[in-house]
Amino acid sequence: MTSETYLDLLGNRLERHFAIERNAVPLADTVDILARCRQDLGRTFISQKDIIDKFWEEEIIIVRCLGRVEKDDVSRAASMIEEAAEKLVAADMEHRLSVITAVLVAREGVDPSAARAASRFRWNRSYKLYFHGFAEGRMVLVDCAAETLALSPRSKRSSRAFEPRPAEISKEVL
């Protein structure tokens, strides 16, 4: 599978729930796909106007295509997640959670040390002692040549959404 085919496949999977920008420049580098989804949630009491608790959650997916993914590409993606948490997340009192996923698509394969670094990747940040919510980072490495994934522990729950094989995905995954 080629990286362009994978980007089209991933874009089609995400377009139902996410606002997608292609070739966007939200951070210092250009990304191939930037997908954002925000959900406003709340609990009401007696009527629609009596709101007890209101909060919002956001998911941001940043996709970059590379030739061969090395260990330093994983560390650059980790710093890209930290930069996205600063620039793209507007945490306030109603913010609860932001999930930032970095997807690195390899045209020519993934170095084993990069896959190991991605499988050990953990990152989270609290905003004002969790009163303004928190953000967590996830890492996914996609090898288009071998059609395999290398995942961080937190991204294993949503691994089927990033599969390089064109298969139907149930609504539970996305």
# chains A, B, ... in the order shown; residues from 1 in each chain; ligands from 1
>>> select_by_dssp(residues="stretch 76-132 of chain A", states="helix (DSSP H, G or I)", output="list in words")
Arg76, Ala77, Ala78, Ser79, Met80, Ile81, Glu82, Glu83, Ala84, Ala85, Glu86, Lys87, Pro112, Ser113, Ala114, Ala115, Arg116, Ala117, Ala118 and Ser119 of chain A
>>> write_last_selection(atoms="C-alpha atoms", output="short mmCIF file (atom, residue, chain, number, x, y, z; two decimals), in the first residue's frame")
data_model
loop_
_atom_site.label_atom_id
_atom_site.label_comp_id
_atom_site.auth_asym_id
_atom_site.auth_seq_id
_atom_site.Cartn_x
_atom_site.Cartn_y
_atom_site.Cartn_z
CA ARG A 76 10.20 15.02 17.11
CA ALA A 77 6.63 13.74 17.09
CA ALA A 78 6.63 13.78 20.90
CA SER A 79 7.69 17.42 20.88
CA MET A 80 5.03 18.06 18.23
CA ILE A 81 2.40 16.66 20.65
CA GLU A 82 3.65 18.99 23.39
CA GLU A 83 3.53 21.96 20.99
CA ALA A 84 0.00 21.02 19.91
CA ALA A 85 -1.08 20.92 23.56
CA GLU A 86 0.16 24.49 23.97
CA LYS A 87 -1.10 25.97 20.69
CA PRO A 112 12.88 -1.30 15.27
CA SER A 113 14.28 1.24 17.74
CA ALA A 114 11.58 3.72 16.63
CA ALA A 115 8.87 1.09 17.15
CA ARG A 116 10.28 0.39 20.62
CA ALA A 117 10.35 4.11 21.46
CA ALA A 118 6.73 4.50 20.28
CA SER A 119 5.60 1.51 22.34
#
>>> residues_around(residues="stretch 121-123 of chain A", least_positions_apart="2", cutoff="8 Å", atoms="only C-alpha atoms", output="PyMOL selection string")
chain A and resi 117-119+125+136-139+152-154
>>> closest_residue(among="A:His132, A:Lys71, A:His17, A:Arg165", to="A:Leu97", atoms="only C-alpha atoms")
A:His132
>>> residues_around(residues="A:Leu41", least_positions_apart="2", cutoff="6 Å", atoms="only C-alpha atoms", output="ChimeraX atom specification")
/A:54-56
>>> write_last_selection(atoms="C-alpha atoms", output="compact mmCIF listing (two decimals), in the first residue's frame")
# COMPACT_ATOMS: atom_id res chain seq x y z
CA LYS A 54 -21.11 21.20 31.35
CA PHE A 55 -17.79 20.18 29.83
CA TRP A 56 -16.14 19.56 26.49
>>> closest_atom_pairs(of="stretch 86-108 of chain A", to="stretch 140-144 of chain A", cutoff="12 Å", atoms="only C-alpha atoms", output="CSV")
residue,atom,partner,partner_atom,distance
A:Ile100,CA,A:Val140,CA,11.0
A:Thr101,CA,A:Val140,CA,7.3
A:Ala102,CA,A:Val140,CA,6.2
A:Val103,CA,A:Val140,CA,4.7
A:Leu104,CA,A:Leu141,CA,4.9
A:Val105,CA,A:Val142,CA,4.8
A:Ala106,CA,A:Asp143,CA,5.0
A:Arg107,CA,A:Cys144,CA,5.7
A:Glu108,CA,A:Asp143,CA,7.4
>>> write_last_selection(atoms="N, CA and C atoms", output="short mmCIF file (atom, residue, chain, number, x, y, z; two decimals), in the first residue's frame")
data_model
loop_
_atom_site.label_atom_id
_atom_site.label_comp_id
_atom_site.auth_asym_id
_atom_site.auth_seq_id
_atom_site.Cartn_x
_atom_site.Cartn_y
_atom_site.Cartn_z
N ILE A 100 -4.41 14.00 21.97
CA ILE A 100 -3.62 14.39 20.81
C ILE A 100 -2.89 13.15 20.32
N THR A 101 -3.17 12.75 19.10
CA THR A 101 -2.57 11.54 18.52
C THR A 101 -1.66 11.94 17.36
N ALA A 102 -0.42 11.53 17.42
CA ALA A 102 0.52 11.74 16.32
C ALA A 102 0.63 10.44 15.54
N VAL A 103 0.35 10.50 14.24
CA VAL A 103 0.43 9.34 13.37
C VAL A 103 1.56 9.59 12.38
N LEU A 104 2.58 8.74 12.43
CA LEU A 104 3.69 8.84 11.49
C LEU A 104 3.56 7.71 10.48
N VAL A 105 3.42 8.07 9.22
CA VAL A 105 3.23 7.10 8.14
C VAL A 105 4.57 6.91 7.45
N ALA A 106 5.07 5.68 7.43
CA ALA A 106 6.37 5.37 6.83
C ALA A 106 6.18 4.75 5.45
N ARG A 107 6.80 5.36 4.46
CA ARG A 107 6.75 4.80 3.11
C ARG A 107 7.71 3.62 2.96
N GLU A 108 8.87 3.71 3.64
CA GLU A 108 9.94 2.73 3.43
C GLU A 108 10.23 1.88 4.66
#
>>> select_by_dssp(residues="chain A", states="strand (DSSP E or B)", output="MDAnalysis selection string")
chainID A and resid 19:24 31:45 47:66 69 95:106 110 123:126 134:143 148:151
>>> atom_distance(atom1="atom CA of A:Gly11", atom2="atom CA of A:Ala91")
26.7 Å
>>> atom_distance(atom1="atom CA of A:Val63", atom2="atom CA of A:Ile33")
5.0 Å
>>> residues_around(residues="A:Ile60", least_positions_apart="6", cutoff="8 Å", atoms="only C-alpha atoms", output="MDAnalysis selection string")
chainID A and resid 34:37 98:101
>>> closest_residue(among="A:Cys65, A:Leu10, A:Tyr127, A:Met1", to="A:Asn23", atoms="only C-alpha atoms")
A:Cys65
>>> closest_residue(among="A:Leu7, A:Leu88, A:Ile62, A:Ala19", to="A:Pro166", atoms="only C-alpha atoms")
A:Leu7
>>> closest_residue(among="A:Leu66, A:Ile20, A:Ala161, A:Ala90", to="A:Thr2", atoms="only C-alpha atoms")
A:Leu66
